[in-house]
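Since the structure comes first, as structure tokens, the remarks are kept for the end.
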Amino acid sequence: MVRVMAVGVFDLLHAGHLHYVEQAKTLGDELVVVVAHDETVRKQKHEPVTNHELRRRMVEGLKPVDRALVGNPPSVPIFDILDVVKPDVIALGYDQKHSRDAIRAGLDANGWGHVKIIRVEGLSDDLDGTRKIISRILELWSGETGDLYEED
């Protein structure tokens, strides 16, 4: 059995997230998704819109996902999650800024040299990211592209 691990924030679940987990699932038999801990999101990106437990529940509800868990906070070494998941493959999203070389070096240094790293393809949709969706909503809300709600 080949276990695939996918990682991400998964804030405001959207089609790009679904595409990512669908592609990740094709890389093996079991897909385990690690949802970023709220403290990690705050440290690396922004204030999460939804908390990590809700994001985990939403991701676990996606058909391709066999199991979802919340990642460790930033105070815990990043590679410690591998002892829990025990992946054979790590699937990176097309827009994740992780360096394959840095991940490979970390895997090798922590005894996980056998794990493959595969970057999946992106979705060819202009609203395939959380920030893109928020920007679009704000544009609509501000009236730049018309009213958000049309009256009958």
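Residues are referred to by chain and number: the chain letter is A, B, ... according to the order shown in the structure tokens, the number counts from 1 in that chain, and ligands are numbered separately from 1 in the order shown.
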Would you kindly return, as a JSON list (two decimals) with C-alpha atoms, in the first residue's frame, each protein, DNA or RNA residue with an atom no farther than 10 Å from any atom of Leu27 (chain A), considering only C-alpha atoms and excluding same-chain residues fewer than 2 positions away?
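Below you can see part.json, which holds the result:
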[["chain", "number", "residue", "atom", "x", "y", "z"],
["A", 2, "VAL", "CA", 1.31, 3.43, -0.98],
["A", 3, "ARG", "CA", 0.45, 6.22, 1.46],
["A", 4, "VAL", "CA", 0.40, 9.76, 0.09],
["A", 5, "MET", "CA", 0.67, 12.84, 2.27],
["A", 22, "GLU", "CA", -7.80, 14.49, -6.33],
["A", 23, "GLN", "CA", -4.38, 14.55, -7.98],
["A", 24, "ALA", "CA", -2.62, 13.55, -4.77],
["A", 25, "LYS", "CA", -4.93, 10.54, -4.39],
["A", 29, "ASP", "CA", -3.69, 3.96, -2.33],
["A", 30, "GLU", "CA", -4.30, 6.08, 0.77],
["A", 31, "LEU", "CA", -4.34, 9.87, 1.07],
["A", 88, "ASP", "CA", 5.66, 6.94, 0.88],
["A", 89, "VAL", "CA", 4.92, 10.03, -1.24],
["A", 90, "ILE", "CA", 4.58, 13.72, -0.44],
["A", 91, "ALA", "CA", 2.33, 15.53, -2.91],
["A", 118, "ILE", "CA", 5.85, 14.93, -6.44],
["A", 120, "VAL", "CA", 0.96, 18.08, -8.81]]
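Residues in contact range of Val34 (chain A), defined as at most 10 Å between only C-alpha atoms, with sequence neighbours fewer than 3 positions away removed, read Met5, Ala6, Val7, Gly8, Val9, Phe10, Leu31, His37, Arg56, Val59, Glu60, Arg67, Ala68, Leu69, Val70, Gly71, Asn72, Ile81 and Val85 of chain A.
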Write the residues of the preceding selection, restricted to C-alpha atoms, as a short mmCIF file (atom, residue, chain, number, x, y, z; two decimals), in the first residue's frame.
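The resulting selection_29.cif:
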data_model
loop_
_atom_site.label_atom_id
_atom_site.label_comp_id
_atom_site.auth_asym_id
_atom_site.auth_seq_id
_atom_site.Cartn_x
_atom_site.Cartn_y
_atom_site.Cartn_z
CA MET A 5 0.67 12.84 2.27
CA ALA A 6 -0.63 16.21 1.13
CA VAL A 7 -0.26 19.38 3.18
CA GLY A 8 -1.86 22.80 3.13
CA VAL A 9 -3.83 25.49 4.89
CA PHE A 10 -7.17 24.73 3.17
CA LEU A 31 -4.34 9.87 1.07
CA HIS A 37 -2.12 24.42 12.54
CA ARG A 56 -9.59 19.51 9.06
CA VAL A 59 -10.94 18.41 4.16
CA GLU A 60 -11.72 15.01 5.65
CA ARG A 67 -7.81 10.79 6.71
CA ALA A 68 -7.07 14.38 7.68
CA LEU A 69 -5.22 15.62 10.72
CA VAL A 70 -4.04 18.93 12.09
CA GLY A 71 -0.33 19.53 11.78
CA ASN A 72 1.92 20.42 14.65
CA ILE A 81 4.60 14.72 11.48
CA VAL A 85 1.66 9.80 8.82
#
With distances taken over only C-alpha atoms, which residue among A:Pro48, A:Gly28, A:Asp83, A:Arg42 lies nearest Lys116 (chain A)?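 Nearest candidate to Lys116 (chain A) out of A:Pro48, A:Gly28, A:Asp83, A:Arg42: A:Gly28.
Taking only C-alpha atoms into account, Ala15 (chain A) lies nearest to A:Leu123 out of the set A:Val65, A:Leu123, A:Ile117, A:Val49.
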How many Å lie between CA of Lys86 (chain A) and CA of Tyr20 (chain A), rounded to one decimal?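 Atom-to-atom, CA of Lys86 (chain A) to CA of Tyr20 (chain A), that is 19.8 Å.
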Using DSSP on the backbone coordinates, identify all residues within region 13-146 of chain A classified as helix (DSSP H, G or I); present the result as a PyMOL selection string. chain A and resi 15-25+38-44+52-60+78-85+100-109+130-142
Please indicate the distance in Å from CA of His14 (chain A) to CA of Ile133 (chain A), rounded to one decimal place.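 Distance between the two atoms: 8.7 Å.
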For region 92-100 of chain A, find every residue with an atom within 6 Å (counting only C-alpha atoms), except residues of its own chain fewer than 6 positions away, and show them as a list in words. Arg119, Val120, Glu121 and Gly122 of chain A
Can I get the selected residues back with C-alpha atoms, as a short mmCIF file (atom, residue, chain, number, x, y, z; two decimals), in the first residue's frame?
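Generated file (out24.cif):
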data_model
loop_
_atom_site.label_atom_id
_atom_site.label_comp_id
_atom_site.auth_asym_id
_atom_site.auth_seq_id
_atom_site.Cartn_x
_atom_site.Cartn_y
_atom_site.Cartn_z
CA ARG A 119 4.47 18.34 -7.38
CA VAL A 120 0.96 18.08 -8.81
CA GLU A 121 -0.47 20.19 -11.62
CA GLY A 122 -2.58 23.27 -11.02
#
From a backbone DSSP assignment, name each residue in region 67-122 of chain A labelled strand (DSSP E), as a ChimeraX atom specification. /A:67-70,89-92,116-119
Selected residues written out with N, CA and C atoms, as a short mmCIF file (atom, residue, chain, number, x, y, z; two decimals), in the first residue's frame:
data_model
loop_
_atom_site.label_atom_id
_atom_site.label_comp_id
_atom_site.auth_asym_id
_atom_site.auth_seq_id
_atom_site.Cartn_x
_atom_site.Cartn_y
_atom_site.Cartn_z
N ARG A 67 -7.95 10.32 5.34
CA ARG A 67 -7.81 10.79 6.71
C ARG A 67 -7.20 12.18 6.67
N ALA A 68 -7.65 13.05 7.57
CA ALA A 68 -7.07 14.38 7.68
C ALA A 68 -6.73 14.62 9.14
N LEU A 69 -5.62 15.29 9.36
CA LEU A 69 -5.22 15.62 10.72
C LEU A 69 -4.62 17.00 10.74
N VAL A 70 -4.62 17.60 11.93
CA VAL A 70 -4.04 18.93 12.09
C VAL A 70 -2.55 18.77 12.32
N VAL A 89 4.90 8.93 -0.26
CA VAL A 89 4.92 10.03 -1.24
C VAL A 89 4.43 11.29 -0.55
N ILE A 90 5.08 12.40 -0.85
CA ILE A 90 4.58 13.72 -0.44
C ILE A 90 4.15 14.43 -1.71
N ALA A 91 2.87 14.81 -1.76
CA ALA A 91 2.33 15.53 -2.91
C ALA A 91 2.33 17.02 -2.59
N LEU A 92 3.04 17.79 -3.38
CA LEU A 92 3.06 19.25 -3.21
C LEU A 92 2.09 19.88 -4.19
N LYS A 116 9.13 9.76 -1.79
CA LYS A 116 9.14 10.50 -3.06
C LYS A 116 8.44 11.84 -2.86
N ILE A 117 8.88 12.84 -3.60
CA ILE A 117 8.25 14.17 -3.59
C ILE A 117 7.74 14.43 -5.00
N ILE A 118 6.45 14.68 -5.12
CA ILE A 118 5.85 14.93 -6.44
C ILE A 118 5.02 16.21 -6.37
N ARG A 119 5.28 17.12 -7.28
CA ARG A 119 4.47 18.34 -7.38
C ARG A 119 3.36 18.09 -8.38
#
Could you tell me how far CA of Phe79 (chain A) sits from CA of Asp101 (chain A), in Å to one decimal place?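 Taking CA of Asp101 (chain A) as the start and CA of Phe79 (chain A) as the end point, the length is 14.6 Å.
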